[in-house]
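K.L.:
What follows is input.txt; its format and atoms are compact mmCIF, C-alpha atoms.
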```txt
# COMPACT_ATOMS: atom_id res chain seq x y z
CA MET A 899 87.80 -26.12 -179.36
CA ILE A 900 85.49 -24.10 -177.14
CA LEU A 901 85.40 -24.39 -173.36
CA ASP A 902 83.51 -22.44 -170.72
CA LEU A 903 86.38 -21.85 -168.29
CA HIS A 904 84.37 -20.55 -165.34
CA THR A 905 81.45 -22.53 -163.89
CA HIS A 906 80.20 -23.48 -160.45
CA SER A 907 78.24 -26.55 -159.39
CA ILE A 908 76.45 -27.38 -156.16
CA ALA A 909 79.89 -28.07 -154.70
CA SER A 910 80.15 -24.29 -154.29
CA ASP A 911 78.09 -22.85 -151.46
CA ASP A 912 76.24 -20.54 -153.85
CA GLY A 913 76.04 -22.95 -156.79
CA ARG A 914 72.64 -24.32 -157.74
CA ALA A 915 73.59 -26.43 -160.76
CA LYS A 916 74.33 -30.13 -160.89
CA VAL A 917 77.05 -31.08 -163.34
CA GLU A 918 74.77 -33.57 -165.08
CA ASN A 919 72.21 -30.80 -165.59
CA TYR A 920 74.85 -28.59 -167.21
CA CYS A 921 75.52 -31.43 -169.66
CA GLN A 922 71.84 -31.91 -170.38
CA TRP A 923 71.38 -28.19 -170.94
CA ILE A 924 74.31 -27.97 -173.35
CA GLN A 925 72.91 -30.90 -175.30
CA ARG A 926 69.30 -29.71 -175.29
CA LYS A 927 70.20 -26.17 -176.35
CA SER A 928 72.85 -27.35 -178.82
CA LEU A 929 75.31 -24.93 -177.28
CA PRO A 930 78.57 -24.77 -179.22
CA LEU A 931 80.64 -25.92 -176.25
CA ASP A 932 83.10 -28.79 -176.26
CA GLY A 933 83.24 -28.77 -172.50
CA PHE A 934 83.53 -26.72 -169.36
CA VAL A 935 85.70 -26.26 -166.30
CA LEU A 936 84.31 -26.38 -162.79
CA THR A 937 85.91 -23.63 -160.74
CA GLU A 938 84.47 -24.11 -157.28
CA HIS A 939 84.85 -21.31 -154.75
CA ARG A 940 87.67 -21.57 -152.21
CA GLN A 941 88.22 -25.28 -152.70
CA PHE A 942 89.35 -27.93 -155.10
CA ASP A 943 87.07 -30.90 -155.65
CA ASP A 944 89.36 -33.89 -155.90
CA VAL A 945 86.59 -36.42 -155.26
CA SER A 946 84.05 -36.09 -158.05
CA ASP A 947 84.60 -38.20 -161.15
CA TYR A 948 82.81 -36.98 -164.27
CA ARG A 949 84.23 -39.46 -166.78
CA LEU A 950 80.88 -41.18 -167.27
CA LEU A 951 79.20 -37.86 -168.00
CA GLU A 952 82.00 -36.97 -170.38
CA ASP A 953 81.40 -40.19 -172.29
CA GLN A 954 77.63 -39.89 -172.19
CA PHE A 955 77.50 -36.31 -173.46
CA GLY A 956 80.71 -36.10 -175.45
CA LEU A 957 81.99 -33.20 -173.37
CA LEU A 958 85.28 -32.43 -171.68
CA ILE A 959 84.69 -31.72 -167.98
CA LEU A 960 87.68 -30.41 -166.07
CA LYS A 961 88.17 -29.25 -162.51
CA ALA A 962 89.90 -26.10 -161.27
CA SER A 963 89.32 -23.60 -158.49
CA GLU A 964 88.43 -19.97 -157.78
CA VAL A 965 90.46 -18.60 -154.92
CA GLU A 966 90.27 -15.23 -153.19
CA THR A 967 93.05 -12.67 -152.83
CA GLU A 968 93.53 -9.08 -151.79
CA TYR A 969 93.22 -8.20 -155.50
CA GLY A 970 90.00 -10.13 -155.96
CA HIS A 971 89.13 -13.57 -157.23
CA VAL A 972 91.51 -15.72 -159.24
CA LEU A 973 90.89 -18.86 -161.27
CA VAL A 974 93.53 -21.54 -160.89
CA TYR A 975 93.87 -24.26 -163.53
CA GLY A 976 96.04 -27.30 -162.97
CA VAL A 977 95.57 -27.61 -159.22
CA ASN A 978 97.74 -30.38 -157.80
CA ASP A 979 98.95 -31.58 -154.42
CA ASP A 980 101.94 -29.25 -154.44
CA LEU A 981 99.77 -26.22 -154.99
CA ARG A 982 97.26 -27.31 -152.37
CA ALA A 983 100.09 -27.63 -149.90
CA ALA A 984 101.36 -24.17 -150.79
CA LEU A 985 98.03 -22.32 -150.63
CA ASP A 986 95.07 -22.40 -148.28
CA PHE A 987 92.26 -22.35 -150.80
CA ALA A 988 89.63 -21.62 -148.14
CA ARG A 989 91.19 -18.32 -147.10
CA ILE A 990 89.90 -15.03 -148.44
CA ASP A 991 93.15 -13.16 -147.82
CA ASN A 992 95.59 -15.02 -150.04
CA ARG A 993 98.15 -12.75 -151.70
CA LEU A 994 97.78 -12.46 -155.43
CA ALA A 995 101.55 -12.45 -155.88
CA THR A 996 101.77 -15.70 -153.94
CA VAL A 997 98.96 -17.31 -155.93
CA LEU A 998 100.68 -16.35 -159.19
CA GLU A 999 104.12 -17.45 -158.04
CA GLU A 1000 103.05 -20.71 -156.46
CA SER A 1001 100.81 -21.60 -159.38
CA LYS A 1002 103.70 -21.13 -161.75
CA ARG A 1003 106.08 -23.08 -159.52
CA CYS A 1004 103.62 -25.96 -159.25
CA GLY A 1005 102.83 -26.12 -162.95
CA ALA A 1006 99.43 -24.45 -162.73
CA VAL A 1007 98.08 -21.24 -164.26
CA ALA A 1008 96.43 -18.43 -162.30
CA VAL A 1009 94.01 -16.11 -164.07
CA PRO A 1010 92.35 -13.14 -162.31
CA CYS A 1011 88.64 -13.33 -163.05
CA HIS A 1012 86.03 -10.58 -163.48
CA PRO A 1013 88.83 -8.03 -163.01
CA GLY A 1014 86.49 -5.12 -163.68
CA ARG A 1015 84.18 -6.00 -160.79
CA PRO A 1016 84.16 -3.84 -157.66
CA LYS A 1017 85.72 -5.34 -154.53
CA VAL A 1018 86.42 -8.78 -156.04
CA GLY A 1019 88.05 -7.74 -159.32
CA MET A 1020 91.70 -6.90 -159.87
CA CYS A 1021 91.49 -3.56 -161.66
CA ALA A 1022 90.37 -1.36 -158.78
CA HIS A 1023 92.95 -2.91 -156.47
CA TRP A 1024 95.62 -2.54 -159.17
CA GLU A 1025 95.15 1.22 -159.00
CA ILE A 1026 95.32 1.34 -155.22
CA LEU A 1027 97.76 -1.40 -154.29
CA GLY A 1028 99.91 -1.19 -157.41
CA PRO A 1029 100.85 -3.63 -160.18
CA VAL A 1030 101.66 -7.26 -159.50
CA GLU A 1031 104.28 -9.22 -161.40
CA GLY A 1032 103.22 -12.41 -163.11
CA VAL A 1033 99.79 -11.63 -164.53
CA HIS A 1034 99.68 -12.78 -168.15
CA THR A 1035 96.03 -13.73 -168.66
CA VAL A 1036 92.76 -12.29 -167.35
CA GLU A 1037 89.09 -13.06 -167.82
CA THR A 1038 87.74 -10.31 -170.06
CA LEU A 1039 84.36 -11.90 -170.73
CA ASN A 1040 82.51 -12.96 -167.60
CA GLY A 1041 78.85 -13.93 -167.78
CA GLY A 1042 78.04 -12.43 -164.39
CA SER A 1043 79.44 -9.01 -165.13
CA ARG A 1044 77.41 -5.85 -165.00
CA GLU A 1045 77.63 -3.09 -167.56
CA GLY A 1046 81.14 -1.73 -167.84
CA GLU A 1047 82.93 -4.49 -165.97
CA ASN A 1048 83.98 -6.58 -168.96
CA GLU A 1049 84.84 -3.41 -170.82
CA GLN A 1050 87.21 -2.34 -168.07
CA ALA A 1051 88.77 -5.79 -168.02
CA LEU A 1052 89.37 -5.58 -171.76
CA GLN A 1053 90.93 -2.13 -171.43
CA TYR A 1054 93.42 -3.47 -168.90
CA ALA A 1055 94.16 -6.51 -171.03
CA GLU A 1056 94.88 -4.32 -174.03
CA ARG A 1057 96.92 -1.85 -172.02
CA TYR A 1058 99.15 -4.50 -170.47
CA GLY A 1059 99.12 -7.04 -173.30
CA TRP A 1060 97.45 -9.77 -171.30
CA ASN A 1061 95.82 -12.79 -172.90
CA ARG A 1062 92.04 -13.09 -172.57
CA ILE A 1063 89.74 -15.86 -171.50
CA GLY A 1064 85.96 -16.04 -171.26
CA GLY A 1065 83.68 -17.91 -168.89
CA SER A 1066 80.06 -17.81 -167.89
CA ASP A 1067 80.63 -17.76 -164.12
CA SER A 1068 77.44 -19.77 -164.11
CA HIS A 1069 75.85 -20.75 -160.82
CA ILE A 1070 72.63 -21.97 -162.40
CA VAL A 1071 72.20 -24.31 -165.34
CA SER A 1072 70.84 -21.88 -167.90
CA HIS A 1073 73.81 -19.52 -167.62
CA ILE A 1074 76.46 -21.93 -168.87
CA GLY A 1075 78.06 -20.94 -172.15
CA ARG A 1076 77.21 -17.24 -171.95
CA TYR A 1077 80.90 -16.68 -172.58
CA ALA A 1078 83.69 -19.11 -173.28
CA THR A 1079 87.21 -19.48 -174.58
CA ARG A 1080 88.16 -20.74 -178.03
CA PHE A 1081 91.43 -22.68 -178.21
CA GLU A 1082 93.35 -23.27 -181.39
CA ASP A 1083 94.48 -26.69 -180.20
CA LYS A 1084 92.54 -29.78 -179.22
CA LEU A 1085 92.48 -30.30 -175.45
CA GLU A 1086 91.89 -33.64 -173.77
CA ASN A 1087 92.78 -33.08 -170.13
CA ILE A 1088 93.81 -30.50 -167.56
CA ASP A 1089 97.47 -30.70 -168.59
CA ASP A 1090 96.49 -29.77 -172.12
CA LEU A 1091 94.48 -26.84 -170.77
CA VAL A 1092 97.40 -25.57 -168.69
CA ALA A 1093 99.72 -25.86 -171.68
CA ALA A 1094 97.24 -24.05 -173.89
CA LEU A 1095 96.81 -21.23 -171.37
CA GLU A 1096 100.58 -20.85 -171.22
CA SER A 1097 100.82 -20.81 -175.00
CA GLY A 1098 98.45 -17.88 -175.50
CA ARG A 1099 96.74 -19.66 -178.41
CA PHE A 1100 93.18 -18.82 -177.37
CA ASP A 1101 90.72 -15.97 -177.05
CA ALA A 1102 87.58 -15.02 -175.17
CA ILE A 1103 84.38 -15.42 -177.16
CA GLN A 1104 80.62 -15.29 -176.93
CA PRO A 1105 79.71 -18.76 -178.23
CA GLN A 1106 76.25 -17.97 -179.59
CA ALA A 1107 77.77 -15.26 -181.75
CA ILE A 1108 79.86 -17.67 -183.79
CA MET B 1343 87.36 -13.34 -133.86
CA ASN B 1344 87.72 -14.73 -137.36
CA ALA B 1345 85.67 -17.43 -139.03
CA GLN B 1346 88.04 -20.24 -138.15
CA GLU B 1347 88.14 -19.26 -134.48
CA LEU B 1348 84.35 -18.99 -134.41
CA LYS B 1349 84.05 -22.39 -136.02
CA VAL B 1350 86.35 -24.02 -133.50
CA ARG B 1351 84.43 -22.48 -130.63
CA PHE B 1352 80.84 -22.92 -131.76
CA ALA B 1353 80.48 -25.55 -134.47
CA GLY B 1354 79.67 -29.20 -134.16
CA HIS B 1355 77.59 -29.50 -131.01
CA VAL B 1356 73.85 -29.29 -130.38
CA PHE B 1357 72.89 -25.99 -128.75
CA ASP B 1358 69.11 -26.22 -128.90
CA LYS B 1359 66.33 -28.83 -129.11
CA ILE B 1360 62.66 -28.53 -129.76
CA ASP B 1361 59.89 -31.14 -129.67
CA LEU B 1362 56.60 -31.06 -131.47
CA GLU B 1363 53.86 -33.35 -132.73
CA VAL B 1364 52.98 -33.19 -136.40
CA GLU B 1365 49.29 -32.58 -137.10
CA SER B 1366 47.44 -33.29 -140.32
CA ASP B 1367 46.04 -29.78 -140.56
CA SER B 1368 49.53 -28.34 -140.41
CA LEU B 1369 50.71 -30.62 -143.21
CA VAL B 1370 47.74 -29.81 -145.42
CA GLY B 1371 47.99 -26.08 -144.77
CA PHE B 1372 51.69 -25.93 -145.56
CA ALA B 1373 51.32 -28.08 -148.68
CA LYS B 1374 48.54 -25.88 -150.04
CA ALA B 1375 50.48 -22.72 -149.21
CA CYS B 1376 53.29 -24.12 -151.34
CA GLY B 1377 50.89 -24.67 -154.20
CA GLU B 1378 51.06 -28.43 -153.89
CA THR B 1379 48.14 -30.33 -155.42
CA GLN B 1380 49.14 -33.98 -155.15
CA PRO B 1381 46.68 -35.80 -152.86
CA LYS B 1382 49.41 -37.58 -150.94
CA PHE B 1383 50.39 -34.13 -149.63
CA THR B 1384 46.98 -32.48 -149.39
CA ASP B 1385 44.49 -35.25 -148.55
CA PRO B 1386 44.80 -36.83 -145.07
CA SER B 1387 42.74 -39.80 -146.26
CA HIS B 1388 45.34 -40.67 -148.90
CA PRO B 1389 47.06 -43.97 -148.00
CA ASP B 1390 50.51 -42.38 -148.38
CA PHE B 1391 49.67 -39.01 -146.82
CA GLN B 1392 52.85 -37.23 -145.74
CA ALA B 1393 54.51 -33.83 -145.47
CA VAL B 1394 55.78 -32.04 -148.54
CA PRO B 1395 59.56 -32.39 -148.68
CA ASN B 1396 60.26 -28.80 -147.61
CA TYR B 1397 57.94 -29.00 -144.59
CA PRO B 1398 60.80 -29.12 -142.04
CA THR B 1399 62.01 -25.70 -143.21
CA ARG B 1400 59.03 -24.11 -141.46
CA ILE B 1401 60.16 -25.35 -138.06
CA HIS B 1402 62.40 -23.11 -136.01
CA GLY B 1403 64.16 -23.77 -132.75
CA THR B 1404 64.10 -21.58 -129.70
CA ARG B 1405 67.43 -19.97 -130.63
CA GLY B 1406 68.87 -18.86 -133.93
CA LEU B 1407 72.44 -18.97 -132.68
CA PRO B 1408 74.27 -20.37 -129.67
CA LYS B 1409 74.41 -18.33 -126.50
CA ASP B 1410 77.19 -15.74 -126.58
CA PHE B 1411 77.66 -16.04 -130.34
CA PRO B 1412 79.36 -12.75 -131.26
CA VAL B 1413 77.32 -11.65 -134.24
CA GLU B 1414 75.38 -8.45 -134.77
CA MET B 1415 71.97 -9.63 -135.92
CA HIS B 1416 71.02 -6.20 -137.27
CA ARG B 1417 73.82 -6.62 -139.82
CA CYS B 1418 72.63 -10.08 -140.89
CA PHE B 1419 70.20 -11.34 -143.45
CA ASP B 1420 68.82 -14.69 -144.48
CA ALA B 1421 70.99 -16.30 -147.14
CA GLY B 1422 68.61 -19.17 -147.82
CA LYS B 1423 67.70 -22.64 -146.70
CA SER B 1424 68.30 -26.07 -148.12
CA VAL B 1425 66.68 -29.29 -147.04
CA GLU B 1426 67.78 -32.88 -147.42
CA ILE B 1427 65.07 -35.45 -146.86
CA HIS B 1428 65.96 -38.78 -145.29
CA ALA B 1429 62.49 -40.15 -144.50
CA ALA B 1430 58.88 -39.00 -144.80
CA VAL B 1431 57.30 -36.86 -142.09
CA ARG B 1432 53.86 -38.30 -141.21
CA PRO B 1433 50.92 -37.00 -139.18
CA GLY B 1434 51.22 -38.02 -135.57
CA ASP B 1435 55.00 -38.08 -135.67
CA LYS B 1436 56.57 -36.74 -132.53
CA ILE B 1437 59.60 -35.06 -133.93
CA GLN B 1438 62.60 -33.46 -132.34
CA GLY B 1439 64.70 -30.77 -134.00
CA ARG B 1440 68.30 -30.48 -132.88
CA SER B 1441 70.22 -27.35 -133.78
CA GLU B 1442 73.93 -27.02 -134.31
CA ILE B 1443 76.31 -24.74 -136.15
CA ALA B 1444 77.47 -26.80 -139.10
CA ASP B 1445 79.88 -24.35 -140.65
CA ILE B 1446 81.21 -20.81 -140.45
CA TYR B 1447 83.13 -19.36 -143.33
CA GLU B 1448 84.07 -16.13 -145.00
CA LYS B 1449 83.84 -15.07 -148.60
CA THR B 1450 84.13 -11.89 -150.60
CA GLY B 1451 81.67 -10.48 -153.12
CA ARG B 1452 80.62 -7.26 -154.79
CA SER B 1453 79.56 -5.84 -151.44
CA GLY B 1454 82.79 -6.78 -149.70
CA LYS B 1455 83.60 -9.29 -147.03
CA MET B 1456 80.88 -11.57 -145.71
CA LEU B 1457 80.65 -14.03 -142.85
CA PHE B 1458 78.38 -17.02 -143.39
CA ILE B 1459 76.94 -19.03 -140.53
CA VAL B 1460 75.26 -22.35 -141.32
CA HIS B 1461 72.62 -23.24 -138.74
CA ARG B 1462 71.75 -26.92 -139.19
CA MET B 1463 68.64 -28.56 -137.78
CA ASN B 1464 68.41 -32.32 -137.84
CA PHE B 1465 64.95 -33.78 -137.36
CA TYR B 1466 64.16 -37.16 -135.84
CA ASN B 1467 60.90 -38.96 -135.13
CA GLN B 1468 59.79 -40.96 -132.10
CA GLN B 1469 61.81 -43.96 -133.30
CA ASP B 1470 64.86 -41.69 -133.63
CA THR B 1471 64.66 -42.11 -137.38
CA HIS B 1472 66.52 -39.29 -139.07
CA LEU B 1473 63.86 -37.45 -141.09
CA ALA B 1474 65.54 -34.39 -142.51
CA THR B 1475 68.48 -32.00 -142.39
CA VAL B 1476 67.79 -28.31 -142.90
CA ASP B 1477 70.66 -25.90 -143.42
CA TRP B 1478 69.82 -22.26 -142.87
CA ARG B 1479 72.48 -19.82 -143.98
CA LEU B 1480 72.79 -16.51 -142.23
CA VAL B 1481 75.14 -13.90 -143.63
CA GLN B 1482 76.67 -10.90 -141.95
CA ARG B 1483 78.07 -8.45 -144.44
CA GLU B 1484 80.67 -5.80 -144.00
CA PHE B 1485 79.48 -2.24 -144.26
CA ASP B 1486 81.51 0.57 -145.79
```
Give the structure from the file, written as structure tokens.
P.N.:
Amino acid sequence: MILDLHTHSIASDDGRAKVENYCQWIQRKSLPLDGFVLTEHRQFDDVSDYRLLEDQFGLLILKASEVETEYGHVLVYGVNDDLRAALDFARIDNRLATVLEESKRCGAVAVPCHPGRPKVGMCAHWEILGPVEGVHTVETLNGGSREGENEQALQYAERYGWNRIGGSDSHIVSHIGRYATRFEDKLENIDDLVAALESGRFDAIQPQAI
Amino acid sequence: MNAQELKVRFAGHVFDKIDLEVESDSLVGFAKACGETQPKFTDPSHPDFQAVPNYPTRIHGTRGLPKDFPVEMHRCFDAGKSVEIHAAVRPGDKIQGRSEIADIYEKTGRSGKMLFIVHRMNFYNQQDTHLATVDWRLVQREFD
């Protein structure tokens, strides 16, 4: 099963894509995606209901979040009320250690994204601020990365034995599916995704290359 | 002062108003400048002649930010505009634009920390019908 684990809709301040348009694009371009996860910036969208779109297009549409820390941006899957009470998603100065710890405590999974990116990626901060306990998965394929950024992320993942996910980081419709994550198991909801991310039975891929 | 403190102090109240009357020539000129060809936007004799949807984005108030807003404009740039249309703007409308700060927030990106200020203008006609909401984002970025 292949999911794009990193997308943004118009719910993000810099997102220009409507969720329905993502679905239409995937269908029109016959992209090999079984679904995607909306990871809106500094918030969790608990209002939108995409079940009709899921049925109409035969896609799995899940919701997560992209929060900001002193080590850069972090995707959080499995956001629930406990985690929202523990973290202020709107802040840009959350502590990575806290995000990792609280996510684990609340049954969610935190994944540093575009770790090779300057300023908002984990690698550069890792060298300066030091290692952080609790990282087990990072995004090694990010569709918004510039030359060298995904390569650095992969080097870190290999060095530390971290699992790897892929996501387009799409903000416009045509970027969805640039990268994705292939899971060995069938996923039907966010709980399945969290369990799969904890299991390590997945890998980052470039869907068109299959 | 951080984003939250700025928001508490400045957001949510009207700090500027402007009044103007919409003229046909202005509507036609703006529509053509946008490359619009539909007669209802370019031909004043059309029975449904009206402004192109993005017309309100061309209207500016007398102030970009509230008085005493602590931002260094030389470190700012335009981060884009969005418009939500509620009703058509017609020639002869006497419209009022009311400015407020709708949101202030921080984010981080490749270039570092950024402060976003959302200047919102709501437009009303002579019947106080809400015509449009234009959000103009201004960003101040951190320099190394």
K.L.:
Would you give me, as a PyMOL selection string, the residues of chain B that come within 12 Å of chain A, using only C-alpha atoms?
P.N.:
chain B and resi 1344-1346+1421-1424+1445-1460+1477-1479+1484+1486
K.L.:
So the first atom is CA of Tyr969 in chain A and the second is CA of Trp1060 in chain A; what is the distance between them in Å, to one decimal place?
P.N.:
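Going from CA of Tyr969 in chain A over to CA of Trp1060 in chain A covers 16.4 Å.
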K.L.:
Give me, please, the distance in Å between CA of Leu985 in chain A and CA of Gly1032 in chain A, quoted to one decimal.
P.N.:
16.8 Å
K.L.:
Excluding range 1395-1402 of chain B and its own-chain neighbours fewer than 3 positions away, which residues fall within 7 Å of it when counting only C-alpha atoms? Please give them as a list in words.
P.N.:
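The contact residues come out as Val1425, Ile1427 and Val1476 of chain B.
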K.L.:
Neighbours of Thr1471 in chain B within 10 Å (all atoms listed in the file; same-chain residues fewer than 5 positions away dropped), as number ranges by chain?
P.N.:
B: 1428-1430, 1437, 1465-1466
K.L.:
Smallest atom-to-atom distance to Glu952 in chain A: which of A:Glu938, A:Glu1037, A:Asp979, A:Glu918, using only C-alpha atoms?
P.N.:
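Answer, going by the shortest atom-to-atom distance: A:Glu918.
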K.L.:
Between CA of His1355 in chain B and CA of Pro1408 in chain B, measure the distance and give it in Å to one decimal.
P.N.:
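For CA of His1355 in chain B relative to CA of Pro1408 in chain B, the distance reads 9.8 Å.
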K.L.:
Quick one: residues within 10 Å of Asn919 in chain A, all atoms listed in the file, excluding same-chain residues fewer than 5 positions away - as an mmCIF file with C-alpha atoms, keeping the file's coordinate frame?
P.N.:
```cif
data_model
loop_
_atom_site.group_PDB
_atom_site.id
_atom_site.type_symbol
_atom_site.label_atom_id
_atom_site.label_comp_id
_atom_site.auth_asym_id
_atom_site.auth_seq_id
_atom_site.Cartn_x
_atom_site.Cartn_y
_atom_site.Cartn_z
ATOM 1 C CA SER A 907 78.240 -26.550 -159.390
ATOM 2 C CA ILE A 924 74.310 -27.970 -173.350
ATOM 3 C CA GLN A 925 72.910 -30.900 -175.300
ATOM 4 C CA ILE A 1070 72.630 -21.970 -162.400
ATOM 5 C CA VAL A 1071 72.200 -24.310 -165.340
ATOM 6 C CA SER A 1072 70.840 -21.880 -167.900
#
```
K.L.:
Do you know which residues are at most 6 Å from Glu1365 in chain B counting all atoms listed in the file, after dropping those on the same chain fewer than 3 positions away, and could you put them as a VMD selection string?
P.N.:
chain B and resid 1368 1433 to 1434
K.L.:
Write to file, as a PDB file, in the frame of the given file, the residues of the selection just made, with C-alpha atoms.
P.N.:
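The resulting file, part_24.pdb, is shown below:
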```pdb
ATOM      1  CA  SER B1368      49.530 -28.340-140.410  1.00  0.00           C
ATOM      2  CA  PRO B1433      50.920 -37.000-139.180  1.00  0.00           C
ATOM      3  CA  GLY B1434      51.220 -38.020-135.570  1.00  0.00           C
TER       4      GLY B1434
END
```
K.L.:
So, with all atoms listed in the file as the atoms that count, which of B:His1461, B:Arg1417, B:His1388, B:Arg1405 lies closest to Lys1349 in chain B?
P.N.:
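Closest candidate: B:His1461.
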K.L.:
Using all atoms listed in the file - which residues lie no farther than 9 Å from the point (103.0, -27.0, -163.6) in the file's frame? Write them as a ChimeraX atom specification.
P.N.:
/A:976-978,1001-1007,1089,1092-1093
K.L.:
For Phe1383 in chain B, find every residue with an atom within 8 Å (counting all atoms listed in the file), except residues of its own chain fewer than 4 positions away, and show them as a VMD selection string.
P.N.:
chain B and resid 1369 to 1370 1373 1378 to 1379 1391 to 1394
